[in-house]
>>> print(open('data-v2.cif').read())   # mmCIF, C-alpha atoms
data_run
#
loop_
_atom_site.label_atom_id
_atom_site.label_comp_id
_atom_site.auth_asym_id
_atom_site.auth_seq_id
_atom_site.Cartn_x
_atom_site.Cartn_y
_atom_site.Cartn_z
CA MET D 1 4.72 -5.63 22.70
CA ARG D 2 2.07 -3.15 21.67
CA ASN D 3 0.81 -0.54 24.09
CA ILE D 4 -2.80 -1.43 24.89
CA LEU D 5 -5.24 1.44 25.24
CA SER D 6 -7.91 0.27 27.69
CA ASP D 7 -11.64 0.65 27.04
CA VAL D 8 -11.83 3.01 30.02
CA LYS D 9 -9.06 5.21 28.57
CA ILE D 10 -10.72 5.13 25.13
CA ALA D 11 -14.01 6.26 26.67
CA GLU D 12 -12.22 9.06 28.56
CA LEU D 13 -10.54 10.25 25.38
CA LEU D 14 -13.80 10.25 23.45
CA GLN D 15 -15.63 12.13 26.20
CA ASP D 16 -12.86 14.70 26.64
CA PRO D 17 -14.41 17.99 25.36
CA LYS D 18 -12.89 18.99 22.01
CA PRO D 19 -13.59 22.51 20.75
CA LEU D 20 -13.95 23.12 17.04
CA LEU D 21 -14.52 26.37 15.20
CA LYS D 22 -17.04 26.44 12.35
CA LYS D 23 -14.37 27.56 9.89
CA GLN D 24 -12.15 24.64 10.87
CA VAL D 25 -14.91 22.18 10.07
CA GLU D 26 -15.50 23.91 6.72
CA LYS D 27 -11.80 23.72 5.94
CA LEU D 28 -11.76 20.03 6.76
CA LYS D 29 -14.58 19.49 4.26
CA THR D 30 -13.16 21.61 1.46
CA LYS D 31 -9.35 22.03 1.61
CA PHE D 32 -7.86 18.78 0.37
CA VAL D 33 -4.35 17.76 -0.62
CA ALA D 34 -3.90 15.14 -3.35
CA GLU D 35 -2.30 11.87 -2.20
CA ASN D 36 -2.15 9.08 -4.80
CA LYS D 37 -5.78 8.51 -5.89
CA SER D 38 -7.06 10.13 -2.70
CA ARG D 39 -7.72 13.65 -1.45
CA VAL D 40 -6.82 14.26 2.17
CA SER D 41 -7.44 17.01 4.71
CA LYS D 42 -6.30 17.10 8.33
CA LEU D 43 -7.04 19.04 11.47
CA SER D 44 -5.29 18.98 14.84
CA VAL D 45 -7.39 19.58 17.92
CA VAL D 46 -6.35 20.11 21.55
CA SER D 47 -8.97 18.98 24.04
CA ALA D 48 -10.02 20.56 27.31
CA GLY D 49 -7.97 17.83 28.99
CA ASN D 50 -4.96 19.07 26.97
CA MET D 51 -4.86 15.94 24.81
CA LYS D 52 -3.91 16.25 21.15
CA PHE D 53 -6.14 14.63 18.56
CA GLU D 54 -6.14 14.64 14.78
CA ILE D 55 -9.05 14.35 12.38
CA THR D 56 -8.16 13.04 8.92
CA ALA D 57 -10.71 13.15 6.11
CA ARG D 58 -9.70 10.97 3.17
CA GLY D 59 -11.78 10.44 0.04
CA ASP D 60 -11.23 8.81 -3.30
CA ALA D 61 -10.51 11.63 -5.75
CA ARG D 62 -12.20 9.85 -8.69
CA PRO D 63 -15.73 11.26 -9.18
CA ASP D 64 -17.28 7.81 -9.66
CA LYS D 65 -15.68 6.58 -6.40
CA ALA D 66 -17.01 9.31 -4.10
CA HIS D 67 -18.55 6.61 -1.86
CA LYS D 68 -15.04 5.44 -0.90
CA PHE D 69 -13.92 7.61 2.02
CA SER D 70 -12.92 7.60 5.67
CA VAL D 71 -12.98 10.20 8.41
CA ILE D 72 -10.63 9.28 11.23
CA LEU D 73 -10.21 10.50 14.79
CA GLY D 74 -6.61 9.67 15.63
CA TYR D 75 -4.68 9.82 18.87
CA THR D 76 -1.04 9.08 19.60
CA TRP D 77 -0.51 6.81 22.59
CA LYS D 78 3.06 6.20 23.81
CA GLY D 79 4.37 6.82 20.32
CA ASP D 80 1.81 4.57 18.58
CA ARG D 81 -0.92 6.10 16.49
CA ILE D 82 -4.36 4.73 17.30
CA ASN D 83 -7.53 5.41 15.36
CA LEU D 84 -10.22 5.87 18.00
CA ILE D 85 -13.01 6.29 15.47
CA ARG D 86 -13.13 5.74 11.73
CA CYS D 87 -16.27 6.67 9.79
CA ASN D 88 -16.06 4.70 6.56
CA GLY D 89 -17.83 4.96 3.26
CA ARG D 90 -19.05 2.02 1.19
CA HIS D 91 -16.78 -0.80 0.09
CA GLY D 92 -16.55 -4.58 0.50
CA PRO D 93 -17.99 -6.49 3.46
CA HIS D 94 -16.64 -6.38 7.02
CA THR D 95 -16.49 -9.09 9.70
CA ASN D 96 -16.11 -8.60 13.45
CA THR D 97 -14.23 -11.82 14.13
CA ILE D 98 -14.50 -11.82 17.94
CA GLU D 99 -18.28 -11.36 17.74
CA ARG D 100 -18.46 -14.09 15.10
CA ALA D 101 -16.60 -16.46 17.42
CA LEU D 102 -18.91 -15.54 20.29
CA GLY D 103 -22.02 -15.66 18.13
CA ALA D 104 -23.20 -12.37 19.60
CA GLY D 105 -23.49 -8.73 18.62
CA VAL D 106 -22.76 -7.28 15.21
CA VAL D 107 -20.97 -9.99 13.23
CA GLU D 108 -21.15 -9.18 9.53
CA ILE D 109 -21.58 -5.87 7.77
CA PRO D 110 -22.69 -6.43 4.16
CA ARG D 111 -20.80 -4.83 1.29
CA ASP D 112 -21.75 -1.27 0.35
CA THR D 113 -22.86 -0.38 3.89
CA TYR D 114 -21.64 2.81 5.51
CA HIS D 115 -20.02 1.81 8.78
CA ILE D 116 -18.08 3.16 11.76
CA HIS D 117 -14.98 1.53 13.23
CA PHE D 118 -14.44 1.89 16.99
CA ALA D 119 -11.17 1.30 18.87
CA THR D 120 -11.59 -1.42 21.49
CA GLU D 121 -9.29 -3.02 24.01
CA ARG D 122 -10.33 -6.57 23.02
CA TYR D 123 -9.15 -6.28 19.42
CA GLN D 124 -5.82 -4.77 20.48
CA ARG D 125 -5.28 -7.86 22.62
CA VAL D 126 -5.81 -10.28 19.70
CA SER D 127 -2.37 -9.69 18.16
CA GLU D 128 0.21 -7.06 17.27
CA GLU D 129 -1.21 -6.99 13.75
CA THR D 130 -4.92 -6.31 14.35
CA ASP D 131 -5.92 -2.68 14.18
CA ALA D 132 -7.30 -1.15 17.38
CA GLU D 133 -10.39 -0.02 15.41
CA PHE D 134 -11.14 -3.50 14.03
CA TYR D 135 -14.67 -3.53 15.49
CA ALA D 136 -17.27 -1.83 13.29
CA GLU D 137 -21.01 -1.15 13.23
CA PRO D 138 -23.24 -0.17 10.31
CA THR D 139 -24.59 3.37 10.21
CA THR D 140 -27.14 5.45 8.34
CA GLU D 141 -25.95 8.73 9.89
CA TYR D 142 -24.16 9.93 6.74
CA ASP D 143 -23.86 9.10 3.06
CA SER D 144 -20.95 11.27 1.90
CA LEU D 145 -17.47 12.36 2.97
CA GLU D 146 -18.80 15.78 3.94
CA GLY D 147 -21.63 14.15 5.88
CA ALA D 148 -19.15 11.92 7.71
CA VAL D 149 -17.04 14.96 8.64
CA GLU D 150 -20.15 16.66 10.04
CA TYR D 151 -21.09 13.50 11.93
CA MET D 152 -17.60 13.17 13.42
CA CYS D 153 -17.56 16.83 14.44
CA ASP D 154 -20.96 16.53 16.14
CA HIS D 155 -20.03 13.48 18.25
CA PHE D 156 -17.15 11.95 20.23
CA GLY D 157 -16.70 14.98 22.49
CA PHE D 158 -16.50 17.57 19.74
CA TYR D 159 -18.46 20.78 20.13
CA ARG D 160 -18.62 24.00 18.14
CA ALA D 161 -16.76 26.62 20.12
CA ASP D 162 -17.53 30.30 20.04
CA ASP D 163 -15.36 32.41 17.71
CA SER D 164 -13.74 34.01 20.76
CA TYR D 165 -12.43 30.63 21.91
CA PRO D 166 -8.86 31.05 20.55
CA LYS D 167 -8.46 34.32 22.48
CA LEU D 168 -9.73 32.77 25.68
CA HIS D 169 -7.61 29.64 25.21
CA PRO D 170 -4.22 30.59 23.71
CA LEU D 171 -3.15 26.95 23.38
CA PHE D 172 -5.82 26.37 20.76
CA PRO D 173 -4.09 25.77 17.39
CA MET E 1 -10.39 -43.11 1.53
CA ILE E 2 -12.22 -39.80 1.44
CA ALA E 3 -15.34 -39.92 -0.71
CA GLN E 4 -15.30 -37.95 -3.93
CA THR E 5 -18.55 -36.26 -2.95
CA ILE E 6 -16.89 -34.69 0.11
CA ALA E 7 -14.08 -33.34 -2.08
CA GLU E 8 -16.67 -31.84 -4.41
CA THR E 9 -18.57 -30.35 -1.46
CA VAL E 10 -15.42 -28.71 -0.07
CA LYS E 11 -14.55 -27.37 -3.52
CA GLN E 12 -18.03 -25.90 -3.79
CA GLN E 13 -17.76 -24.36 -0.32
CA ILE E 14 -14.44 -22.72 -1.23
CA ALA E 15 -16.02 -21.34 -4.40
CA ASP E 16 -19.03 -20.08 -2.42
CA SER E 17 -16.75 -18.22 0.01
CA MET E 18 -15.91 -15.87 -2.86
CA ASP E 19 -18.62 -13.23 -2.85
CA ILE E 20 -18.93 -12.30 -6.52
CA VAL E 21 -21.33 -9.67 -7.85
CA THR E 22 -21.70 -8.31 -11.36
CA GLU E 23 -21.64 -4.56 -11.83
CA ASP E 24 -21.82 -2.56 -15.02
CA GLY E 25 -19.07 -4.16 -17.12
CA TYR E 26 -17.01 -5.67 -14.32
CA LEU E 27 -17.04 -8.14 -11.45
CA ARG E 28 -16.53 -7.31 -7.77
CA ILE E 29 -14.96 -10.23 -5.96
CA GLY E 30 -15.17 -10.16 -2.18
CA LEU E 31 -12.52 -12.47 -0.74
CA PRO E 32 -12.97 -14.26 2.60
CA PHE E 33 -9.59 -12.79 3.66
CA MET E 34 -9.43 -9.57 5.66
CA HIS E 35 -7.34 -6.45 6.10
CA SER E 36 -5.99 -5.91 9.62
CA ASP E 37 -9.16 -3.89 10.38
CA GLY E 38 -11.69 -6.60 9.51
CA ASP E 39 -12.65 -5.13 6.14
CA HIS E 40 -12.55 -7.84 3.51
CA TYR E 41 -10.23 -7.65 0.54
CA GLU E 42 -12.19 -6.91 -2.57
CA LEU E 43 -10.81 -7.24 -6.09
CA ILE E 44 -12.23 -6.00 -9.37
CA LEU E 45 -12.08 -8.07 -12.54
CA ARG E 46 -12.79 -6.27 -15.79
CA PRO E 47 -12.13 -6.84 -19.51
CA ASP E 48 -8.79 -5.51 -20.73
CA GLY E 49 -8.61 -6.02 -24.52
CA LYS E 50 -8.27 -9.76 -25.09
CA GLU E 51 -7.32 -10.30 -21.46
CA TRP E 52 -8.76 -9.50 -18.04
CA LEU E 53 -7.52 -6.96 -15.56
CA VAL E 54 -7.44 -7.82 -11.86
CA THR E 55 -7.20 -4.70 -9.70
CA ASP E 56 -7.51 -3.77 -6.04
CA ASP E 57 -8.93 -0.36 -7.09
CA GLY E 58 -6.39 1.33 -4.79
CA ASP E 59 -7.71 -0.33 -1.61
CA ILE E 60 -4.39 -1.64 -0.25
CA VAL E 61 -2.66 1.74 -0.41
CA ALA E 62 -5.83 3.46 0.90
CA HIS E 63 -5.99 1.10 3.89
CA ALA E 64 -2.35 1.85 4.69
CA GLY E 65 -3.39 5.51 4.63
CA TYR E 66 -5.85 4.83 7.47
CA ALA E 67 -2.81 4.07 9.64
CA GLY E 68 -1.16 7.30 8.48
CA VAL E 69 1.20 5.42 6.16
CA ASN E 70 1.76 6.44 2.53
CA LEU E 71 3.21 3.36 0.84
CA LEU E 72 4.23 5.52 -2.13
CA ALA E 73 6.33 7.90 0.00
CA SER E 74 10.03 7.95 -0.88
CA ASP E 75 11.01 6.13 2.32
CA ARG E 76 8.62 3.21 1.57
CA VAL E 77 8.17 2.95 -2.17
CA ASP E 78 11.25 0.75 -2.72
CA ARG E 79 9.71 -2.00 -0.62
CA LEU E 80 6.40 -1.64 -2.45
CA ASN E 81 8.18 -1.85 -5.82
CA GLN E 82 10.05 -4.93 -4.66
CA LEU E 83 6.82 -6.76 -3.88
CA THR E 84 4.92 -5.56 -6.96
CA ALA E 85 7.80 -6.78 -9.13
CA PHE E 86 7.86 -10.08 -7.27
CA TYR E 87 4.14 -10.66 -7.88
CA GLY E 88 4.22 -9.17 -11.39
CA LEU E 89 1.81 -6.35 -10.49
CA ARG E 90 1.59 -2.87 -11.94
CA GLU E 91 1.21 0.13 -9.65
CA SER E 92 -0.38 3.35 -10.81
CA GLU E 93 -1.12 6.10 -8.27
CA GLY E 94 -1.64 3.46 -5.61
CA GLU E 95 -3.81 1.13 -7.69
CA LEU E 96 -2.36 -2.37 -8.03
CA SER E 97 -3.30 -4.41 -11.08
CA LYS E 98 -2.36 -7.33 -13.26
CA SER E 99 -3.50 -8.45 -16.74
CA VAL E 100 -4.33 -12.13 -17.06
CA PRO E 101 -5.71 -14.43 -19.75
CA GLU E 102 -9.32 -15.55 -19.26
CA ASP E 103 -8.32 -19.10 -18.35
CA GLY E 104 -5.95 -17.77 -15.65
CA CYS E 105 -8.36 -15.56 -13.71
CA GLY E 106 -8.94 -17.96 -10.81
CA LEU E 107 -5.28 -18.54 -10.07
CA ALA E 108 -4.48 -14.85 -10.63
CA LEU E 109 -7.05 -13.89 -7.98
CA MET E 110 -5.41 -16.20 -5.44
CA GLU E 111 -1.93 -14.88 -6.27
CA PHE E 112 -3.24 -11.33 -6.06
CA ALA E 113 -4.69 -12.10 -2.64
CA GLN E 114 -1.29 -13.29 -1.44
CA ALA E 115 0.26 -10.09 -2.81
CA CYS E 116 -2.39 -8.14 -0.87
CA PHE E 117 -1.34 -9.78 2.42
CA ASP E 118 2.34 -9.05 1.84
CA ILE E 119 1.84 -5.49 0.66
CA SER E 120 -0.61 -4.69 3.47
CA ARG E 121 2.01 -5.79 5.96
CA LEU E 122 4.35 -3.04 4.69
CA ALA E 123 2.21 -0.49 6.55
CA LYS E 124 3.25 -2.15 9.83
CA VAL E 125 6.98 -1.90 9.08
CA PRO E 126 8.94 1.25 10.04
CA ALA E 127 9.96 3.46 7.10
CA GLU E 128 13.48 3.26 5.70
CA LYS E 129 15.93 5.69 7.28
CA LYS E 130 16.58 9.03 5.60
CA GLN E 131 20.33 8.60 5.87
CA SER E 132 20.05 5.53 3.63
CA LYS E 133 18.21 7.61 1.03
CA LYS E 134 21.03 10.13 0.96
CA LEU E 135 23.52 7.31 0.52
CA ASP E 136 21.41 5.80 -2.29
CA SER E 137 21.17 9.10 -4.09
CA LYS E 138 24.98 9.46 -3.95
CA PHE E 139 25.38 5.90 -5.15
CA HIS E 140 23.03 6.34 -8.10
CA LYS E 141 24.75 9.53 -9.15
CA LYS E 142 28.04 7.66 -9.16
CA THR E 143 26.57 4.73 -11.14
CA LYS E 144 25.21 7.13 -13.75
CA GLU E 145 28.57 8.90 -14.03
CA ILE E 146 30.37 5.60 -14.60
CA ILE E 147 27.96 4.53 -17.35
CA TYR E 148 27.83 7.79 -19.25
CA GLY E 149 31.58 8.15 -18.81
CA SER E 150 32.15 4.77 -20.49
CA VAL E 151 29.52 4.62 -23.25
CA THR E 152 28.19 7.24 -25.64
CA SER E 153 24.77 8.42 -24.52
CA ASP E 154 23.01 7.39 -27.76
CA LEU E 155 23.63 3.74 -26.82
CA VAL E 156 22.03 4.13 -23.38
CA THR E 157 18.31 4.03 -22.57
CA PRO E 158 17.46 4.67 -18.92
CA LYS E 159 14.35 3.06 -17.33
CA TRP E 160 13.98 0.54 -20.12
CA HIS E 161 11.55 -2.36 -20.45
CA HIS E 162 11.08 -4.82 -23.30
CA PRO E 163 8.36 -3.45 -25.60
CA GLU E 164 6.93 -6.88 -26.45
CA ILE E 165 7.69 -9.10 -23.44
CA ASP E 166 6.76 -6.42 -20.92
CA PRO E 167 4.73 -3.75 -22.75
CA VAL E 168 3.32 -2.19 -19.58
CA GLY E 169 6.67 -1.81 -17.82
CA THR E 170 6.40 -4.12 -14.83
CA TYR E 171 10.07 -5.20 -15.11
CA ILE E 172 12.08 -1.99 -15.40
CA VAL E 173 15.80 -2.05 -16.18
CA ASP E 174 17.81 0.91 -14.86
CA PHE E 175 19.89 1.27 -18.04
CA SER E 176 19.76 -0.62 -21.32
CA ILE E 177 22.94 -0.42 -23.39
CA MET E 178 23.12 -1.46 -27.04
CA ALA E 179 26.27 -3.55 -26.99
CA ARG E 180 28.04 -5.13 -29.93
CA LYS E 181 26.87 -8.72 -29.46
CA ARG E 182 23.93 -8.64 -27.11
CA GLN E 183 21.94 -5.99 -25.34
CA LEU E 184 23.24 -5.14 -21.87
CA LEU E 185 20.80 -4.69 -19.02
CA LEU E 186 22.44 -2.71 -16.26
CA PHE E 187 21.16 -2.32 -12.71
CA GLY E 188 22.28 -0.03 -9.90
CA VAL E 189 21.90 -1.98 -6.66
CA GLY E 190 22.05 0.30 -3.64
CA THR E 191 19.48 -1.24 -1.30
CA PRO E 192 18.24 -4.75 -0.47
CA SER E 193 14.96 -3.99 -2.25
CA GLN E 194 16.84 -2.88 -5.38
CA LEU E 195 18.85 -6.09 -5.18
CA MET E 196 15.64 -8.13 -5.20
CA ARG E 197 14.10 -6.05 -7.98
CA ALA E 198 17.19 -6.34 -10.19
CA SER E 199 17.44 -10.10 -9.60
CA ILE E 200 13.75 -10.69 -10.28
CA THR E 201 13.82 -8.57 -13.45
CA SER E 202 16.87 -10.34 -14.84
CA LEU E 203 15.48 -13.78 -13.99
CA HIS E 204 12.14 -12.83 -15.55
CA TYR E 205 13.76 -11.94 -18.88
CA ARG E 206 15.90 -15.09 -18.73
CA GLN E 207 12.72 -17.16 -18.89
CA THR E 208 11.99 -15.67 -22.32
CA THR E 209 13.71 -15.94 -25.71
CA PHE E 210 15.22 -12.47 -25.29
CA GLU E 211 19.03 -12.65 -25.34
CA PHE E 212 21.00 -10.24 -23.18
CA ASP E 213 23.76 -9.88 -20.62
CA SER E 214 22.90 -8.44 -17.23
CA VAL E 215 25.24 -6.33 -15.14
CA ALA E 216 24.80 -5.13 -11.58
CA ILE E 217 26.79 -2.36 -9.97
CA VAL E 218 26.45 -2.81 -6.22
CA ASN E 219 26.97 -0.34 -3.43
CA ASP E 220 29.86 -1.76 -1.45
CA GLU E 221 29.35 0.81 1.30
CA ARG E 222 26.40 -1.30 2.38
CA SER E 223 26.56 -4.79 3.72
CA GLN E 224 24.37 -7.33 1.96
CA HIS E 225 23.05 -10.57 3.29
CA GLU E 226 24.93 -13.57 1.93
CA ARG E 227 21.77 -15.27 0.66
CA GLU E 228 20.49 -12.19 -1.15
CA ARG E 229 23.90 -11.53 -2.67
CA ALA E 230 24.06 -15.13 -3.91
CA PHE E 231 20.63 -14.59 -5.51
CA LEU E 232 22.00 -11.54 -7.35
CA ASP E 233 25.15 -13.38 -8.47
CA ASP E 234 22.98 -16.15 -9.93
CA ALA E 235 20.71 -13.72 -11.74
CA MET E 236 23.43 -11.53 -13.27
CA THR E 237 26.08 -12.18 -15.93
CA VAL E 238 28.53 -10.06 -13.98
CA VAL E 239 28.50 -8.03 -10.74
CA PHE E 240 30.84 -5.11 -9.99
CA PRO E 241 31.27 -3.18 -6.74
CA VAL E 242 30.79 0.53 -7.40
CA SER E 243 34.34 1.16 -6.17
CA ASP E 244 35.70 -0.83 -9.13
CA VAL E 245 35.25 2.03 -11.57
CA ALA E 246 38.12 0.88 -13.80
CA GLY E 247 36.70 -2.64 -13.99
CA VAL E 248 33.22 -1.44 -15.00
CA LYS E 249 34.62 0.98 -17.59
CA GLU E 250 36.85 -1.69 -19.10
CA TYR E 251 33.95 -4.17 -19.30
CA LEU E 252 31.54 -1.68 -20.89
CA ALA E 253 34.18 -0.44 -23.37
CA GLU E 254 34.86 -4.01 -24.43
CA MET E 255 31.16 -4.83 -24.86
CA VAL E 256 30.34 -1.82 -27.03
CA ALA E 257 33.59 -1.73 -29.04
#
>>> encode(input="data-v2.cif", output="structure tokens")
Amino acid sequence: MRNILSDVKIAELLQDPKPLLKKQVEKLKTKFVAENKSRVSKLSVVSAGNMKFEITARGDARPDKAHKFSVILGYTWKGDRINLIRCNGRHGPHTNTIERALGAGVVEIPRDTYHIHFATERYQRVSEETDAEFYAEPTTEYDSLEGAVEYMCDHFGFYRADDSYPKLHPLFP
Amino acid sequence: MIAQTIAETVKQQIADSMDIVTEDGYLRIGLPFMHSDGDHYELILRPDGKEWLVTDDGDIVAHAGYAGVNLLASDRVDRLNQLTAFYGLRESEGELSKSVPEDGCGLALMEFAQACFDISRLAKVPAEKKQSKKLDSKFHKKTKEIIYGSVTSDLVTPKWHHPEIDPVGTYIVDFSIMARKRQLLLFGVGTPSQLMRASITSLHYRQTTFEFDSVAIVNDERSQHERERAFLDDAMTVVFPVSDVAGVKEYLAEMVA
């Protein structure tokens, strides 16, 4: 049985204040490690509520595929990794199957549309196989990997901390 | 009896469910099937000499990456190789592809889609244990020692594939040995996935005019499922446990003498 992260808990985690230094955001946008055809950078963040999160920026390393990327806010819940937010680049179409069945809300996202995946309780309850962040909505907030990193770091509880933050909060990584 | 017109309508609807767009020199084919995150599988079809190349453009491995899983990591790649061999796919830096003749594109797309489902599922399976890797490494070292201790190295080609039947190297043989009568294809079988790969490779070549004998050296420190072992026995000319060093040496000496 999978561990279900409730919508209330998801909202709490997203609202939990998460300090970020400017240099950390820059590093996330520029210091990549090659992985297969991708380039990947990661950053661990400890929130004010002492929760540990991880941002993963992953882009296609081929210059003509720069539109294929994802920026993920991950959280580990009872040993299972859950992607709370995933800001995706452009690729094939996406379907929110629950919304399609209900005939309400965002149902289809056309191909080549930037979109954001959100973890929801309802998709976790569908089956063991469905990803928590199945639900997605189109966005025009960014149009590049770097833009998606900026967007992630400006939302979901993240804030730019003062440079003195690590001294004031020794637990900060 | 169902009217022919209904059959034609359903056929048309199935065709319409494939979202095909033409880009500069290739086709993007959006399938109605989805990844576990609701994103649709999309395949690329582009000219490849006289044939066509179907590719996932690295999407399957990239999607596994979203879950923090690298399907090409050492503790997962055996399973990936097993499935790519089974479906006759090539893998290059995470991109899966297959060359097909023009009149086989439709069927190839469907088969590729099935491969996508199976390979995507690997991201949900726990990685193989490290201890097994250590055991495999020891086993392969031993296999290599037996072969090179029995046959002169100029007769042995490691990581061999048939240059005409399999020019791109989808069906890799661990060691090819130029024997007196027929070429010997030798496989080291340390894990269940290697067992499947060896069996599939041998059976693939058996369907061609290429004449050979196939030999498997199996790790007897590991238990194997009866059904899988029977599959290997059927696919191989002869199977030796790795502990039977004398038996393997005697067989190889006789074949190359």
>>> residues_around(input="data-v2.cif", residues="D:Phe53", least_positions_apart="4", cutoff="8 Å", atoms="only C-alpha atoms", output="JSON, numbers by chain")
{"D": [44, 45, 46, 47, 73, 74, 75, 76]}
>>> closest_residue(input="data-v2.cif", among="E:Leu72, E:Leu122, E:Val10, E:Met18", to="chain D", atoms="all atoms listed in the file")
E:Leu72
>>> residues_around(input="data-v2.cif", residues="E:Ser97", least_positions_apart="2", cutoff="9 Å", atoms="all atoms listed in the file", output="list in words")
Leu53, Val54, Thr55, Asp56, Asp57, Gly88, Leu89, Arg90, Glu91, Ser92, Glu95, Ser99 and Phe112 of chain E
>>> closest_residue(input="data-v2.cif", among="D:Lys23, D:Arg86, D:His91, D:Arg58", to="D:Arg111", atoms="only C-alpha atoms")
D:His91
>>> resolve_selection(input="data-v2.cif", expression="the PyMOL selection byres ((chain D and resi 124) around 10)", output="list in words")
Arg2, Asn3, Ile4, Leu5, Ser6, Ala119, Thr120, Glu121, Arg122, Tyr123, Arg125, Val126, Ser127, Glu128, Glu129, Thr130, Asp131, Ala132, Glu133 and Phe134 of chain D
>>> resolve_selection(input="data-v2.cif", expression="the PyMOL selection byres ((chain E and resi 173) around 8)", output="list in words")
Pro158, Lys159, Trp160, His161, Tyr171, Ile172, Asp174, Phe175, Ser176, Leu185, Leu186, Phe187, Ala198 and Thr201 of chain E
>>> resolve_selection(input="data-v2.cif", expression="the PyMOL selection byres ((chain D and resi 49) around 12)", output="ChimeraX atom specification")
/D:12-19,45-48,50-53,157,171
>>> closest_residue(input="data-v2.cif", among="E:Ala3, E:Ala127, E:Val21, E:Ile200", to="chain D", atoms="only C-alpha atoms")
E:Val21
>>> interface_residues(input="data-v2.cif", of="chain E", to="chain D", cutoff="6 Å", atoms="only C-alpha atoms", output="PyMOL selection string")
chain E and resi 36-40+42+93-94
>>> write_last_selection(input="data-v2.cif", atoms="C-alpha atoms", output="tab-separated table (two decimals), keeping the file's coordinate frame")
chain	number	residue	atom	x	y	z
E	36	SER	CA	-5.99	-5.91	9.62
E	37	ASP	CA	-9.16	-3.89	10.38
E	38	GLY	CA	-11.69	-6.60	9.51
E	39	ASP	CA	-12.65	-5.13	6.14
E	40	HIS	CA	-12.55	-7.84	3.51
E	42	GLU	CA	-12.19	-6.91	-2.57
E	93	GLU	CA	-1.12	6.10	-8.27
E	94	GLY	CA	-1.64	3.46	-5.61
>>> atom_distance(input="data-v2.cif", atom1="atom CA of E:Gly25", atom2="atom CA of E:Gln114")
25.4 Å
>>> atom_distance(input="data-v2.cif", atom1="atom CA of D:Tyr142", atom2="atom CA of D:Val25")
15.7 Å
>>> residues_near_point(input="data-v2.cif", point="(22.2, -16.6, -19.1)", cutoff="8 Å", atoms="all atoms listed in the file", output="list in words")
Arg206, Phe212, Asp213, Met236 and Thr237 of chain E
>>> atom_distance(input="data-v2.cif", atom1="atom CA of E:Asp19", atom2="atom CA of D:Ala101")
20.6 Å
>>> closest_residue(input="data-v2.cif", among="D:Leu145, D:Leu84, D:Ile10, D:Met152", to="D:Lys29", atoms="only C-alpha atoms")
D:Leu145
>>> residues_around(input="data-v2.cif", residues="D:Leu28", least_positions_apart="4", cutoff="8 Å", atoms="only C-alpha atoms", output="VMD selection string")
chain D and resid 24 32 41 to 43 57 149
>>> residues_around(input="data-v2.cif", residues="D:His115", least_positions_apart="6", cutoff="7 Å", atoms="only C-alpha atoms", output="list in words")
Cys87, Asn88, Gly89, Ala136, Glu137, Pro138 and Thr139 of chain D
>>> residues_around(input="data-v2.cif", residues="E:Ala115", least_positions_apart="5", cutoff="10 Å", atoms="all atoms listed in the file", output="list of chain:residue names")
E:Ile60, E:Leu83, E:Thr84, E:Phe86, E:Tyr87, E:Gly88, E:Leu89, E:Leu96, E:Leu109, E:Met110, E:Ser120, E:Arg121
